[in-house]
>>> print(open('run-v8.pdb').read())   # PDB, C-alpha atoms
ATOM      1  CA  MET D   1       6.144  12.345 -35.617
ATOM      2  CA  PRO D   2       5.740   8.727 -34.460
ATOM      3  CA  ARG D   3       5.183   7.955 -30.802
ATOM      4  CA  ILE D   4       8.501   6.749 -29.469
ATOM      5  CA  GLY D   5       9.233   5.610 -25.950
ATOM      6  CA  ALA D   6       7.003   4.496 -23.162
ATOM      7  CA  GLN D   7       5.145   6.303 -20.456
ATOM      8  CA  THR D   8       3.979   4.810 -17.189
ATOM      9  CA  ALA D   9       2.768   5.882 -13.767
ATOM     10  CA  TRP D  10       2.313   4.537 -10.264
ATOM     11  CA  PRO D  11      -0.585   5.801  -8.103
ATOM     12  CA  THR D  12      -0.089   7.389  -4.702
ATOM     13  CA  THR D  13      -0.518   5.486  -1.468
ATOM     14  CA  ASP D  14      -2.156   7.880   0.954
ATOM     15  CA  ASP D  15      -1.347   7.880   4.652
ATOM     16  CA  ASP D  16      -4.647   6.582   6.016
ATOM     17  CA  SER D  17      -3.554   7.282   9.590
ATOM     18  CA  ARG D  18      -3.635  11.061   8.947
ATOM     19  CA  LEU D  19      -6.503  13.479   8.466
ATOM     20  CA  GLY D  20      -8.274  13.965   5.186
ATOM     21  CA  VAL D  21     -11.371  15.312   3.502
ATOM     22  CA  ASN D  22     -14.364  12.998   3.227
ATOM     23  CA  SER D  23     -16.456  12.582   0.106
ATOM     24  CA  THR D  24     -19.240  10.205  -0.854
ATOM     25  CA  TYR D  25     -19.086   7.976  -3.947
ATOM     26  CA  ASP D  26     -22.129   5.776  -4.603
ATOM     27  CA  GLY D  27     -23.162   6.108  -0.951
ATOM     28  CA  VAL D  28     -19.768   5.049   0.423
ATOM     29  CA  THR D  29     -17.696   7.561   2.379
ATOM     30  CA  ARG D  30     -14.187   7.858   0.947
ATOM     31  CA  THR D  31     -11.362  10.093   2.148
ATOM     32  CA  HIS D  32      -8.925  12.229   0.194
ATOM     33  CA  ARG D  33      -5.981  12.118   2.594
ATOM     34  CA  ARG D  34      -3.848  15.214   3.039
ATOM     35  CA  PHE D  35      -0.557  13.292   3.241
ATOM     36  CA  THR D  36       0.971  10.249   1.560
ATOM     37  CA  ASP D  37       2.932   7.193   2.617
ATOM     38  CA  VAL D  38       4.262   6.804  -0.931
ATOM     39  CA  PRO D  39       3.832   9.653  -3.427
ATOM     40  CA  GLY D  40       2.661   8.802  -6.919
ATOM     41  CA  SER D  41       5.146   8.938  -9.760
ATOM     42  CA  ALA D  42       5.192   9.118 -13.524
ATOM     43  CA  ALA D  43       7.884   8.259 -16.063
ATOM     44  CA  ILE D  44       7.742  10.112 -19.358
ATOM     45  CA  SER D  45      10.107   9.250 -22.191
ATOM     46  CA  THR D  46      12.183  12.147 -23.494
ATOM     47  CA  LEU D  47      11.742  10.628 -26.953
ATOM     48  CA  MET D  48       7.940  10.924 -26.864
ATOM     49  CA  ASP D  49       5.851  12.836 -29.346
ATOM     50  CA  THR D  50       5.372  16.152 -27.547
ATOM     51  CA  THR D  51       2.165  16.989 -29.411
ATOM     52  CA  GLY D  52       0.244  14.659 -27.102
ATOM     53  CA  LEU D  53      -1.038  14.876 -23.581
ATOM     54  CA  ASP D  54       0.884  11.925 -22.183
ATOM     55  CA  ALA D  55       2.307  13.911 -19.250
ATOM     56  CA  ILE D  56      -1.104  15.025 -17.949
ATOM     57  CA  HIS D  57      -2.540  11.556 -18.659
ATOM     58  CA  GLU D  58       0.180   9.899 -16.563
ATOM     59  CA  PHE D  59      -0.224  12.566 -13.861
ATOM     60  CA  GLY D  60      -3.861  11.435 -13.665
ATOM     61  CA  HIS D  61      -2.698   7.979 -12.629
ATOM     62  CA  ALA D  62       0.013   9.241 -10.277
ATOM     63  CA  ALA D  63      -2.317  11.682  -8.497
ATOM     64  CA  SER D  64      -4.882   8.962  -7.833
ATOM     65  CA  ASP D  65      -4.590   6.618  -4.857
ATOM     66  CA  PHE D  66      -4.362   2.853  -4.410
ATOM     67  CA  ASN D  67      -6.584   2.883  -1.298
ATOM     68  CA  ASN D  68      -9.026   5.747  -1.803
ATOM     69  CA  GLY D  69      -9.584   5.730  -5.554
ATOM     70  CA  MET D  70      -7.525   4.898  -8.630
ATOM     71  CA  VAL D  71      -7.966   6.598 -11.976
ATOM     72  CA  THR D  72      -7.267   4.070 -14.692
ATOM     73  CA  ASP D  73      -6.897   3.878 -18.470
ATOM     74  CA  LEU D  74     -10.168   3.816 -20.374
ATOM     75  CA  TYR D  75      -8.602   2.270 -23.479
ATOM     76  CA  VAL D  76      -8.074  -1.130 -21.839
ATOM     77  CA  ASP D  77     -10.985  -3.459 -21.103
ATOM     78  CA  GLY D  78     -11.195  -4.606 -17.510
ATOM     79  CA  THR D  79     -10.218  -2.859 -14.337
ATOM     80  CA  ARG D  80      -7.829  -3.144 -11.441
ATOM     81  CA  SER D  81      -8.774  -4.586  -8.096
ATOM     82  CA  GLY D  82      -9.822  -2.047  -5.514
ATOM     83  CA  PHE D  83     -11.848   1.122  -5.882
ATOM     84  CA  VAL D  84     -11.591   2.625  -9.380
ATOM     85  CA  VAL D  85     -13.066   6.090  -9.874
ATOM     86  CA  ASN D  86     -13.514   6.221 -13.646
ATOM     87  CA  LYS D  87     -14.383   2.695 -14.783
ATOM     88  CA  LYS D  88     -16.864  -0.018 -13.874
ATOM     89  CA  MET D  89     -17.614  -3.489 -15.188
ATOM     90  CA  ARG D  90     -20.688  -5.288 -16.479
ATOM     91  CA  ALA D  91     -21.051  -9.042 -15.984
ATOM     92  CA  LYS D  92     -21.337  -9.599 -19.768
ATOM     93  CA  ALA D  93     -20.724  -7.409 -22.787
ATOM     94  CA  THR D  94     -24.337  -7.990 -23.836
ATOM     95  CA  ASP D  95     -25.626  -6.415 -20.608
ATOM     96  CA  SER D  96     -26.747  -2.840 -21.124
ATOM     97  CA  ILE D  97     -24.579  -0.038 -19.812
ATOM     98  CA  PRO D  98     -26.400   1.546 -16.856
ATOM     99  CA  TYR D  99     -27.688   5.041 -17.585
ATOM    100  CA  ASN D 100     -26.157   6.425 -14.386
ATOM    101  CA  PHE D 101     -22.478   5.742 -13.787
ATOM    102  CA  ALA D 102     -22.065   6.987 -10.217
ATOM    103  CA  THR D 103     -23.135   9.536  -7.665
ATOM    104  CA  TYR D 104     -20.295  11.611  -6.289
ATOM    105  CA  GLY D 105     -20.711  14.396  -3.765
ATOM    106  CA  GLY D 106     -24.470  14.427  -4.300
ATOM    107  CA  THR D 107     -24.229  14.730  -8.111
ATOM    108  CA  THR D 108     -25.234  11.846 -10.355
ATOM    109  CA  PHE D 109     -23.021  11.343 -13.400
ATOM    110  CA  GLN D 110     -24.238   9.476 -16.469
ATOM    111  CA  SER D 111     -22.428   6.624 -18.214
ATOM    112  CA  ASP D 112     -20.893   6.955 -21.663
ATOM    113  CA  GLN D 113     -23.269   4.910 -23.826
ATOM    114  CA  LYS D 114     -21.190   5.288 -26.996
ATOM    115  CA  ARG D 115     -17.809   4.295 -25.586
ATOM    116  CA  ASP D 116     -16.261   7.676 -26.402
ATOM    117  CA  GLY D 117     -16.796   7.152 -30.126
ATOM    118  CA  LEU D 118     -13.263   5.797 -30.467
ATOM    119  CA  GLY D 119     -14.235   2.401 -31.866
ATOM    120  CA  TYR D 120     -14.096   0.065 -28.894
ATOM    121  CA  ARG D 121     -15.070  -3.541 -29.402
ATOM    122  CA  ASP D 122     -18.612  -4.650 -28.587
ATOM    123  CA  THR D 123     -17.084  -7.474 -26.528
ATOM    124  CA  TRP D 124     -15.836  -5.105 -23.802
ATOM    125  CA  THR D 125     -17.460  -5.345 -20.395
ATOM    126  CA  SER D 126     -16.000  -2.129 -18.968
ATOM    127  CA  TYR D 127     -17.739   1.233 -19.182
ATOM    128  CA  HIS D 128     -17.010   4.728 -17.945
ATOM    129  CA  PRO D 129     -18.523   8.159 -17.187
ATOM    130  CA  ALA D 130     -20.007  10.236 -19.982
ATOM    131  CA  LEU D 131     -17.937  12.974 -21.542
ATOM    132  CA  VAL D 132     -18.667  16.585 -20.630
ATOM    133  CA  ASP D 133     -18.242  17.493 -24.304
ATOM    134  CA  THR D 134     -18.779  14.695 -26.845
ATOM    135  CA  THR D 135     -16.452  16.419 -29.321
ATOM    136  CA  ARG D 136     -13.510  16.049 -26.939
ATOM    137  CA  PRO D 137     -12.017  12.666 -25.990
ATOM    138  CA  ASN D 138     -11.212  11.849 -22.369
ATOM    139  CA  ILE D 139      -7.657  12.565 -21.203
ATOM    140  CA  MET D 140      -7.594   9.075 -19.644
ATOM    141  CA  ASP D 141      -8.520   7.491 -22.964
ATOM    142  CA  ASN D 142      -6.538   6.721 -26.124
ATOM    143  CA  TYR D 143      -6.888  10.232 -27.492
ATOM    144  CA  TRP D 144      -4.338   9.371 -30.213
ATOM    145  CA  ARG D 145      -7.210   7.541 -31.967
ATOM    146  CA  ALA D 146      -9.495  10.587 -31.891
ATOM    147  CA  ASP D 147     -10.478  12.451 -35.034
ATOM    148  CA  SER D 148     -10.315  15.799 -33.251
ATOM    149  CA  HIS D 149      -7.174  17.556 -32.135
ATOM    150  CA  ILE D 150      -5.812  15.727 -29.131
ATOM    151  CA  GLN D 151      -4.995  18.963 -27.340
ATOM    152  CA  ARG D 152      -8.739  19.510 -26.924
ATOM    153  CA  CYS D 153      -9.147  16.532 -24.579
ATOM    154  CA  ARG D 154     -10.644  16.899 -21.139
ATOM    155  CA  LEU D 155     -11.707  14.737 -18.240
ATOM    156  CA  ASP D 156     -15.255  13.538 -17.783
ATOM    157  CA  GLY D 157     -17.222  15.478 -15.153
ATOM    158  CA  LEU D 158     -16.991  12.802 -12.453
ATOM    159  CA  THR D 159     -13.229  12.349 -12.682
ATOM    160  CA  PHE D 160     -12.716  16.116 -12.909
ATOM    161  CA  ASP D 161     -14.766  16.734  -9.746
ATOM    162  CA  TRP D 162     -13.053  13.851  -7.928
ATOM    163  CA  PHE D 163      -9.583  15.186  -8.845
ATOM    164  CA  ALA D 164     -10.537  18.745  -7.909
ATOM    165  CA  ASP D 165     -11.552  17.559  -4.431
ATOM    166  CA  ARG D 166      -8.443  15.389  -4.126
ATOM    167  CA  LEU D 167      -6.057  18.145  -5.150
ATOM    168  CA  ARG D 168      -7.781  20.668  -2.855
ATOM    169  CA  ALA D 169      -7.304  18.242   0.057
ATOM    170  CA  LYS D 170      -3.578  18.018  -0.717
ATOM    171  CA  ILE D 171      -2.990  21.712  -1.439
ATOM    172  CA  LEU D 172      -5.042  23.158   1.432
ATOM    173  CA  ARG D 173      -3.486  21.103   4.199
TER     174      ARG D 173
END
>>> encode(input="run-v8.pdb", output="C-alpha cells")
Amino acid sequence: MPRIGAQTAWPTTDDDSRLGVNSTYDGVTRTHRRFTDVPGSAAISTLMDTTGLDAIHEFGHAASDFNNGMVTDLYVDGTRSGFVVNKKMRAKATDSIPYNFATYGGTTFQSDQKRDGLGYRDTWTSYHPALVDTTRPNIMDNYWRADSHIQRCRLDGLTFDWFADRLRAKILR
C-alpha cells in the first residue's frame, strides 16, 4: 500500500514555573517538568499506510519539549534551534563524527558512525546516537527505507532513556 496523507507533530511546551525532575545532559542540568503550558500534539492521516510506525514516531516529537529537549527527525540534515536530544551537528561534513555522542544521567552514549545504514549522503553535517541494535532502524528515522521489517524499529539508547525519564516525570506527578 502506498503512503498516503501527511503526518506532523508539535512538541510540548513545559511549564517551567512548576516543579520537575532534573537530569544531566553533557554536564548541563535539564528539567523534565511535570506539567505543561501547551501540550504536544500529533496529526495522523486516516489515509496513511497502517503498516508503519508513524503514530509512535510523531508521538516522539509531541512528547518532547521546546525548552527542555526536542526529539527531531534523523532523516533530515540539520537541526532545529534550541536543545535537541537526538541530533548534533559537525562544522563540516568532512569532520569526523565524534565517537561519543553525549553523556546523559551519567551514561555515555556513542555516536552512530554509519548513519543508520540507510544511505545518507556524505555531505550531511548532522549525526546522531548509535543504535542499540544495528539490525533495527531508529523510530525517529526514515524506517520506510530500511531493509528490515519496519515494525522492528526501536529508539537509540540515549533517546529511550531520556524519554523514559521524561514520561516518568509526567506520570508520577
>>> resolve_selection(input="run-v8.pdb", expression="the PyMOL selection byres ((chain D and resi 42) around 12)", output="MDAnalysis selection string")
chainID D and resid 6:12 39:41 43:45 54:64
>>> write_last_selection(input="run-v8.pdb", atoms="C-alpha atoms", output="mmCIF file, keeping the file's coordinate frame")
data_model
loop_
_atom_site.group_PDB
_atom_site.id
_atom_site.type_symbol
_atom_site.label_atom_id
_atom_site.label_comp_id
_atom_site.auth_asym_id
_atom_site.auth_seq_id
_atom_site.Cartn_x
_atom_site.Cartn_y
_atom_site.Cartn_z
ATOM 1 C CA ALA D 6 7.003 4.496 -23.162
ATOM 2 C CA GLN D 7 5.145 6.303 -20.456
ATOM 3 C CA THR D 8 3.979 4.810 -17.189
ATOM 4 C CA ALA D 9 2.768 5.882 -13.767
ATOM 5 C CA TRP D 10 2.313 4.537 -10.264
ATOM 6 C CA PRO D 11 -0.585 5.801 -8.103
ATOM 7 C CA THR D 12 -0.089 7.389 -4.702
ATOM 8 C CA PRO D 39 3.832 9.653 -3.427
ATOM 9 C CA GLY D 40 2.661 8.802 -6.919
ATOM 10 C CA SER D 41 5.146 8.938 -9.760
ATOM 11 C CA ALA D 43 7.884 8.259 -16.063
ATOM 12 C CA ILE D 44 7.742 10.112 -19.358
ATOM 13 C CA SER D 45 10.107 9.250 -22.191
ATOM 14 C CA ASP D 54 0.884 11.925 -22.183
ATOM 15 C CA ALA D 55 2.307 13.911 -19.250
ATOM 16 C CA ILE D 56 -1.104 15.025 -17.949
ATOM 17 C CA HIS D 57 -2.540 11.556 -18.659
ATOM 18 C CA GLU D 58 0.180 9.899 -16.563
ATOM 19 C CA PHE D 59 -0.224 12.566 -13.861
ATOM 20 C CA GLY D 60 -3.861 11.435 -13.665
ATOM 21 C CA HIS D 61 -2.698 7.979 -12.629
ATOM 22 C CA ALA D 62 0.013 9.241 -10.277
ATOM 23 C CA ALA D 63 -2.317 11.682 -8.497
ATOM 24 C CA SER D 64 -4.882 8.962 -7.833
#
>>> residues_around(input="run-v8.pdb", residues="range 158-160 of chain D", least_positions_apart="5", cutoff="12 Å", atoms="all atoms listed in the file", output="PyMOL selection string")
chain D and resi 25-26+60-61+63-64+69-72+74+84-87+100-112+128-132+138-140+165-167
>>> atom_distance(input="run-v8.pdb", atom1="CA of Val28 in chain D", atom2="CA of Asn68 in chain D")
11.0 Å
>>> resolve_selection(input="run-v8.pdb", expression="the PyMOL selection byres ((chain D and resi 126) around 6)", output="list in words")
Asp77, Gly78, Lys88, Met89, Trp124, Thr125 and Tyr127 of chain D
>>> atom_distance(input="run-v8.pdb", atom1="CA of Thr36 in chain D", atom2="CA of Asp16 in chain D")
8.1 Å
